[in-house]
Every structure is written in C-alpha cells, then in structure tokens.
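model29.cif, holding mmCIF, C-alpha atoms and all ligand atoms:
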data_my_file
loop_
_atom_site.label_atom_id
_atom_site.label_comp_id
_atom_site.auth_asym_id
_atom_site.auth_seq_id
_atom_site.Cartn_x
_atom_site.Cartn_y
_atom_site.Cartn_z
CA MET A 22 142.79 143.03 25.82
CA ARG A 23 140.47 140.05 25.77
CA LEU A 24 143.43 137.75 25.57
CA LEU A 25 144.97 139.44 28.59
CA VAL A 26 141.78 138.96 30.58
CA LEU A 27 141.72 135.31 29.60
CA VAL A 28 145.35 134.83 30.60
CA ALA A 29 144.71 136.57 33.93
CA ALA A 30 141.67 134.39 34.50
CA LEU A 31 143.59 131.23 33.73
CA GLY A 32 146.37 132.38 36.04
CA SER A 33 144.04 132.88 38.95
CA PHE A 34 142.27 129.61 38.22
CA SER A 35 145.48 127.63 38.43
CA SER A 36 146.35 129.15 41.79
CA PHE A 37 143.09 127.80 43.20
CA ALA A 38 143.57 124.42 41.63
CA ALA A 39 144.82 122.81 44.82
CA THR A 40 143.44 119.32 45.20
CA GLU A 41 141.69 118.16 48.35
CA GLU A 42 144.80 116.22 49.13
CA ASP A 43 146.91 119.42 48.94
CA LEU A 44 144.52 121.19 51.31
CA TRP A 45 144.70 118.41 53.87
CA LYS A 46 148.48 118.26 53.55
CA GLU A 47 148.81 121.98 54.25
CA ALA A 48 146.69 121.76 57.39
CA ARG A 49 148.47 118.64 58.62
CA THR A 50 151.88 120.27 58.17
CA SER A 51 150.91 123.21 60.43
CA ALA A 52 149.33 120.84 62.94
CA ALA A 53 152.49 118.71 62.99
CA ALA A 54 154.61 121.78 63.77
CA PHE A 55 152.27 122.64 66.64
CA GLU A 56 152.45 119.08 67.98
CA LYS A 57 156.23 119.07 67.80
CA ARG A 58 156.34 122.20 69.96
CA THR A 59 153.62 121.39 72.49
CA GLY A 60 153.22 117.62 72.42
CA VAL A 61 149.50 118.10 71.68
CA PRO A 62 148.22 116.67 68.37
CA MET A 63 145.54 118.58 66.50
CA GLN A 64 143.42 116.31 64.37
CA TRP A 65 140.40 116.55 62.13
CA LEU A 66 137.65 114.02 62.49
CA GLU A 67 137.79 111.77 59.42
CA GLY A 68 134.94 110.25 57.47
CA ASP A 69 131.94 111.26 55.41
CA PRO A 70 131.08 114.92 56.25
CA ALA A 71 127.40 114.09 55.80
CA LYS A 72 127.39 111.38 58.45
CA GLY A 73 127.49 112.04 62.18
CA GLN A 74 129.66 109.76 64.30
CA SER A 75 129.13 108.82 67.91
CA VAL A 76 132.35 109.77 69.73
CA GLY A 77 131.33 108.96 73.31
CA ASP A 78 129.44 110.56 76.20
CA GLU A 79 126.34 111.04 74.00
CA LEU A 80 128.34 113.32 71.70
CA ILE A 81 127.77 113.09 67.92
CA ALA A 82 130.42 114.66 65.67
CA TRP A 83 130.40 115.43 61.91
CA PRO A 84 133.70 115.27 60.00
CA PRO A 85 134.84 118.51 58.32
CA SER A 86 135.35 118.82 54.57
CA ALA A 87 138.80 119.62 53.13
CA LEU A 88 137.71 123.25 52.68
CA ASP A 89 136.51 123.46 56.31
CA VAL A 90 139.91 122.22 57.38
CA THR A 91 142.05 124.70 55.45
CA SER A 92 139.85 127.68 56.19
CA SER A 93 139.93 127.02 59.93
CA ALA A 94 143.35 125.51 60.67
CA PRO A 95 145.39 128.76 60.86
CA ALA A 96 142.85 130.50 63.11
CA LEU A 97 142.55 127.56 65.51
CA LEU A 98 146.30 127.03 65.71
CA ASN A 99 146.78 130.77 66.33
CA GLU A 100 144.30 130.52 69.16
CA LEU A 101 146.40 127.88 70.87
CA THR A 102 149.50 130.12 70.77
CA ILE A 103 148.12 132.11 73.69
CA TYR A 104 149.25 129.30 76.03
CA PRO A 105 152.78 128.75 77.24
CA ASP A 106 153.80 125.26 76.03
CA ALA A 107 154.24 124.12 79.64
CA PHE A 108 150.70 125.28 80.45
CA LEU A 109 149.25 123.07 77.73
CA LYS A 110 151.21 120.10 79.09
CA SER A 111 150.08 120.72 82.70
CA SER A 112 146.47 121.41 81.73
CA GLY A 113 145.92 117.75 80.89
CA LEU A 114 145.11 118.52 77.24
CA LYS A 115 146.04 115.42 75.23
CA ARG A 116 144.43 115.96 71.83
CA VAL A 117 142.33 118.50 69.94
CA VAL A 118 139.80 117.06 67.47
CA ILE A 119 138.11 119.41 65.02
CA ALA A 120 134.62 118.54 63.83
CA ARG A 121 132.35 120.31 61.39
CA GLY A 122 129.54 120.15 63.93
CA LEU A 123 128.76 118.64 67.32
CA GLU A 124 125.51 117.62 68.86
CA ARG A 125 124.62 116.28 72.29
CA ARG A 126 121.18 115.10 73.32
CA GLY A 127 119.67 116.75 70.24
CA THR A 128 121.30 120.16 70.87
CA ALA A 129 124.18 121.78 68.93
CA TRP A 130 127.35 121.99 71.06
CA GLY A 131 130.31 124.32 70.54
CA GLY A 132 132.87 122.10 72.21
CA PHE A 133 133.33 119.25 74.63
CA ALA A 134 136.26 118.17 76.82
CA PHE A 135 136.56 114.64 78.12
CA TRP A 136 138.04 114.90 81.62
CA ALA A 137 137.70 111.22 82.54
CA GLY A 138 137.58 107.79 80.87
CA PRO A 139 139.60 106.49 77.93
CA LYS A 140 139.32 109.81 76.05
CA LYS A 141 140.53 111.85 79.03
CA GLY A 142 142.15 115.09 77.87
CA THR A 143 140.51 115.03 74.41
CA LEU A 144 138.88 118.26 73.34
CA TYR A 145 136.32 118.33 70.53
CA VAL A 146 135.67 121.66 68.81
CA SER A 147 132.83 122.46 66.41
CA LEU A 148 133.46 124.66 63.36
CA ARG A 149 129.83 125.68 63.10
CA ASN A 150 130.87 129.21 64.07
CA LEU A 151 134.60 129.90 63.71
CA ALA A 152 134.61 133.09 65.82
CA ARG A 153 132.82 131.23 68.58
CA ALA A 154 135.18 128.23 68.20
CA ALA A 155 138.04 130.38 69.54
CA VAL A 156 136.18 131.17 72.77
CA THR A 157 135.09 127.53 72.99
CA ILE A 158 138.66 126.23 72.85
CA HIS A 159 139.63 128.34 75.87
CA HIS A 160 136.44 127.49 77.75
CA GLU A 161 137.10 123.77 77.30
CA VAL A 162 140.84 123.99 78.07
CA PHE A 163 139.90 125.65 81.36
CA HIS A 164 137.47 122.83 82.15
CA LEU A 165 140.42 120.43 81.96
CA THR A 166 142.42 122.50 84.47
CA GLN A 167 139.51 122.52 86.93
CA HIS A 168 140.42 118.98 87.91
CA ILE A 169 143.88 120.09 89.03
CA GLY A 170 143.85 120.04 92.84
CA ALA A 171 145.20 123.56 93.30
CA ILE A 172 142.26 125.03 91.37
CA GLU A 173 139.62 122.63 92.67
CA SER A 174 140.52 123.46 96.26
CA ARG A 175 139.96 127.18 95.69
CA ARG A 176 136.24 126.98 94.92
CA ASP A 177 135.36 128.76 98.17
CA SER A 178 137.43 131.80 97.24
CA TRP A 179 135.54 131.93 93.92
CA SER A 180 132.14 131.72 95.62
CA ALA A 181 133.23 134.51 97.96
CA CYS A 182 133.36 136.86 94.92
CA ASN A 183 129.61 136.46 94.42
CA PRO A 184 127.27 139.01 96.04
CA PRO A 185 125.05 137.89 98.94
CA GLY A 186 122.07 135.86 97.78
CA PHE A 187 123.69 134.90 94.47
CA VAL A 188 122.98 131.32 93.36
CA TYR A 189 123.90 129.31 90.30
CA ALA A 190 121.08 127.65 88.35
CA VAL A 191 122.24 124.18 89.46
CA ASP A 192 121.92 125.22 93.12
CA GLY A 193 118.54 126.93 93.16
CA GLU A 194 116.31 129.64 91.73
CA ILE A 195 118.39 132.32 89.97
CA ASP A 196 117.41 136.00 90.02
CA ARG A 197 115.83 136.54 86.60
CA THR A 198 114.80 140.13 87.31
CA ARG A 199 118.31 141.24 86.36
CA GLN A 200 119.81 140.00 83.15
CA ARG A 201 123.29 139.26 84.43
CA VAL A 202 124.92 139.90 87.79
CA ALA A 203 128.42 138.77 88.80
CA THR A 204 128.95 136.68 85.65
CA ILE A 205 130.45 137.55 82.27
CA THR A 206 127.78 135.71 80.24
CA GLY A 207 124.30 134.37 80.87
CA TYR A 208 125.59 130.82 80.40
CA ALA A 209 128.05 131.36 83.26
CA ARG A 210 125.10 131.44 85.67
CA THR A 211 124.66 127.69 85.11
CA SER A 212 127.23 126.58 87.70
CA LEU A 213 130.51 127.52 89.34
CA VAL A 214 132.53 125.44 86.86
CA GLU A 215 130.82 127.08 83.86
CA ASP A 216 131.31 130.50 85.44
CA GLN A 217 135.05 129.90 85.78
CA ALA A 218 135.39 128.52 82.23
CA GLU A 219 133.47 131.49 80.78
CA MET A 220 135.52 134.03 82.75
CA PHE A 221 138.77 132.51 81.54
CA ALA A 222 137.60 132.19 77.92
CA TRP A 223 136.52 135.85 77.74
CA ALA A 224 139.52 137.12 79.70
CA VAL A 225 141.90 135.65 77.13
CA SER A 226 139.70 136.38 74.09
CA ASP A 227 138.60 139.94 74.77
CA GLY A 228 140.61 141.79 77.40
CA ALA A 229 138.88 145.12 76.65
CA PHE A 230 135.42 143.64 77.30
CA MET A 231 136.66 142.03 80.51
CA ALA A 232 138.18 145.33 81.74
CA GLN A 233 134.98 147.21 81.01
CA GLN A 234 132.83 144.57 82.75
CA SER A 235 135.20 144.54 85.74
CA GLN A 236 134.68 148.27 86.18
CA GLN A 237 130.93 147.84 86.26
CA ASP A 238 130.70 144.75 88.43
CA GLU A 239 132.80 144.11 91.56
CA ALA A 240 132.20 140.36 91.43
CA ILE A 241 133.52 140.16 87.87
CA ALA A 242 136.61 142.16 88.90
CA CYS A 243 137.14 139.75 91.81
CA LYS A 244 136.83 136.70 89.51
CA ALA A 245 139.06 138.19 86.81
CA LYS A 246 141.78 138.53 89.45
CA LEU A 247 141.29 134.96 90.64
CA ILE A 248 141.49 133.60 87.09
CA ARG A 249 144.99 135.07 86.82
CA THR A 250 145.94 133.36 90.09
CA PHE A 251 144.49 130.05 88.88
CA VAL A 252 146.35 129.90 85.56
CA LYS A 253 149.60 130.72 87.33
CA LEU A 254 149.00 127.68 89.55
CA VAL A 255 148.83 125.52 86.40
CA ASP A 256 151.99 127.06 84.95
CA SER A 257 153.97 130.01 86.30
CA GLY A 258 154.67 131.05 82.69
CA PHE A 259 151.07 132.29 82.41
CA ASP A 260 152.10 135.49 84.16
CA ASP A 261 151.28 139.23 84.05
CA ALA A 262 153.58 139.75 81.07
CA ARG A 263 151.52 137.22 79.10
CA TRP A 264 148.27 138.89 80.13
CA GLU A 265 149.69 142.19 78.95
CA LYS A 266 150.48 140.70 75.54
CA LEU A 267 147.01 139.18 75.43
CA ALA A 268 145.41 142.55 76.10
CA SER A 269 146.84 144.00 72.89
CA ARG A 270 146.22 140.93 70.74
CA LYS A 271 143.61 141.27 68.02
CA PRO A 272 141.10 138.41 67.62
CA GLY A 273 142.52 135.57 65.53
CA GLU A 274 146.14 136.73 65.79
CA SER A 275 148.86 134.51 67.14
CA LEU A 276 150.62 135.55 70.32
CA PRO A 277 154.25 136.43 69.64
ZN ZN B 1 131.48 124.33 79.93
#
Now, as a test, write the supplied structure out as structure tokens.
Amino acid sequence: MRLLVLVAALGSFSSFAATEEDLWKEARTSAAAFEKRTGVPMQWLEGDPAKGQSVGDELIAWPPSALDVTSSAPALLNELTIYPDAFLKSSGLKRVVIARGLERRGTAWGGFAFWAGPKKGTLYVSLRNLARAAVTIHHEVFHLTQHIGAIESRRDSWSACNPPGFVYAVDGEIDRTRQRVATITGYARTSLVEDQAEMFAWAVSDGAFMAQQSQQDEAIACKAKLIRTFVKLVDSGFDDARWEKLASRKPGESLP
C-alpha cells in the first residue's frame, strides 16, 4: 500500500515537472494561434518580475512570472473570442501586452490603451486581479474604438440618455446624494468616455447584470441600446446574434 502511494505521488510529481520554458512555450503557442486568426499579437512583458519598467505615458509595468503566464493565458485568450475577427482589426487594436502589475502616478491600474503616439493601439493589461482583467480588456478595447469617427460623432446621442441635471465629474459637481444614477459603475461617472467604456465592458461581461440594471434605470437601458449600435458601426458582425450568444456565456468561457 505504501509503495502504491509512493508510486502515485511520483506520478503526480512528474506531471507537474514542466520547466519554466515549457510553460512559456505553451502560452506562446496559444497566443500564436490567436495572432494567426486575428492579426493581433498577445505578448507578455519580459524581464525581471521584481523590477518595474517604464513603458510610456507615466505607466510602470511589472513582468509576469512563468506561472502567472500559464495560469492566465487561457482565460485572457478566451476573453478575446467574444469579438468578431474583423471587429478587432477595425478597433485599432495592434497588440496586447500582459503585465503582472501596472502603476500610473503611484496608483495601481487595471489596464491602459495607447490611442496615440508610437505605441498607438497597444493595450496593457494587469494580472493583479484575473477576474477584473477580463472586464478591463473590454473597457480598454472600447476606448480604442472611441476614436473612430462614427462613434465619436455620436456623443450627443449618448449625453441625451442622461437625465436632466446629470453631470460627469470632469464637467462639474456630481450628485453624491445618490450612489449611482444613469451609470453602470461609480467609475463611469468620471466622464462620457469612461461611461461608454464601462457600459460596453459590463454589457459583454455580464449580460444578466446589464439587463437587471436596464430595468431599473432608463438611462442605462438607453445607453445599453446605443452600445449595440456603436459596436455594429465598428463591425457589422457584432450583431444581435452575437449579443444573444454573449448573454448565455459563462464568465471565462470562450465564445463558440
Ligand atoms: Zn477608461
């Protein structure tokens, strides 16, 4: 019996004996398949995980360890399957870079999209919280699309969803007597662009939450409808059928 236990233990040990190199290889193989399909490379910041690197625009990024990479790669790649390939191309997304952590001006950041300059189209994602990283990816992808003329020119229709007297924090004093009105998260009250990015990120990540919030708040219902119009302007493949599939998708699953 003891021998059996020992053999079983050795067996399980050998299956975990993948070297760091094996772990990286596995992640890079899945990333390469994704790039072949969409034209968008997914990369992991390289270097000493203990040392932060300045990557531009006051953003500091920490490289992930081999274990960070393998434990996160499938979930992050699954997250990107929610987009039609043509949508990713039209969105302006050029590269996804995964970091163990991000910091900007002394504050932890979930993600950051460069929409101008030499790194235009590069999206940095922090692994500090993997569940949150999924929402972050969609939030940042939407930021990239906001510079597409068809969406930029429809800002007035978005503002028209807000109730009278509503202001974003960047425009004036916000109503703090009510926790959240007309926006899906507290952060969305920052500005119109953050409001749009948050609406999109939650609409694709948690359809049930969005439906429930839309029933309780007319402005949210109005914005949820506009978000569907906006993504269709980026790529007509992001249609009602896709939203229907998204509604029944469980968090972390890939979209068939
Ligand atoms: Zn944002």
Atomic distance atom CA of Gln64 of chain A - atom CA of Arg153 of chain A, expressed in Å with one decimal =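 The value is 18.8 Å.
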Straight-line distance linking atom CA of Pro85 of chain A with atom CA of Asn150 of chain A, stated in Å to one decimal =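 So the two atoms, atom CA of Pro85 of chain A and atom CA of Asn150 of chain A, lie 12.8 Å apart.
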inquiry  = Quick one: residues within 6 Å of segment 162-164 of chain A, all atoms listed in the file, excluding same-chain residues fewer than 3 positions away - as a PyMOL selection string?
reply    = chain A and resi 159+167+218
ask   = Rounded to one decimal in Å, what is the spacing between atom CA of Glu219 of chain A and atom CA of Thr128 of chain A?
value =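 Separation of atom CA of Glu219 of chain A and atom CA of Thr128 of chain A: 19.4 Å.
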key: Residue among A:His160, A:Arg126, A:His168, A:Lys253 lying closest to ligand ZN 1 (chain B), counting all atoms listed in the file   = A:His160
task = Tell me which of A:Glu161, A:Glu67, A:Glu265, A:Asp192 sits closest to ligand ZN 1 (chain B), counting all atoms listed in the file.
result =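 For ligand ZN 1 (chain B), the nearest of the candidates is A:Glu161.
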Long-range neighbours of Arg201 of chain A as a count of residues only, 12 Å cut-off, all atoms listed in the file, 5 positions minimum in chain = 17
task = Just the residues within 12 Å of Gly186 of chain A, please, counting only C-alpha atoms, with nothing from its chain fewer than 4 positions along; format it as a ChimeraX atom specification.
result = /A:180-182,192-196,202-203
request  = Select, from A:Ala154, A:Leu247, A:Pro277, A:Glu215, the residue with the minimum atom-to-atom distance to ligand ZN 1 (chain B), counting only C-alpha atoms and all ligand atoms.
outcome  =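 Using only C-alpha atoms and all ligand atoms, ligand ZN 1 (chain B) sits closest to A:Glu215.
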key: Cut-off 12 Å around (145.9, 120.3, 91.1) with all atoms listed in the file: residues as a PyMOL selection string   = chain A and resi 111-113+165-175+251-256
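Using all atoms listed in the file for every distance, the candidate list A:Leu276, A:Ala87, A:Leu267, A:Ala222 yields A:Ala222 as the residue closest to ligand ZN 1 (chain B).
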task = Find the spatial neighbours of Ala232 of chain A, counting all atoms listed in the file, within a cut-off of 12 Å - ignore same-chain residues fewer than 5 positions away - and output them as a list in words.
result = Ile205, Met220, Trp223, Ala224, Val225, Ser226, Asp227, Gln237, Asp238, Glu239, Ile241, Ala242, Cys243, Lys244, Ala245, Lys246 and Ala268 of chain A
remark   = One residue among A:Ser212, A:Gln74, A:Thr91, A:Thr59 is nearest to ligand ZN 1 (chain B) when using all atoms listed in the file, and that residue is A:Ser212
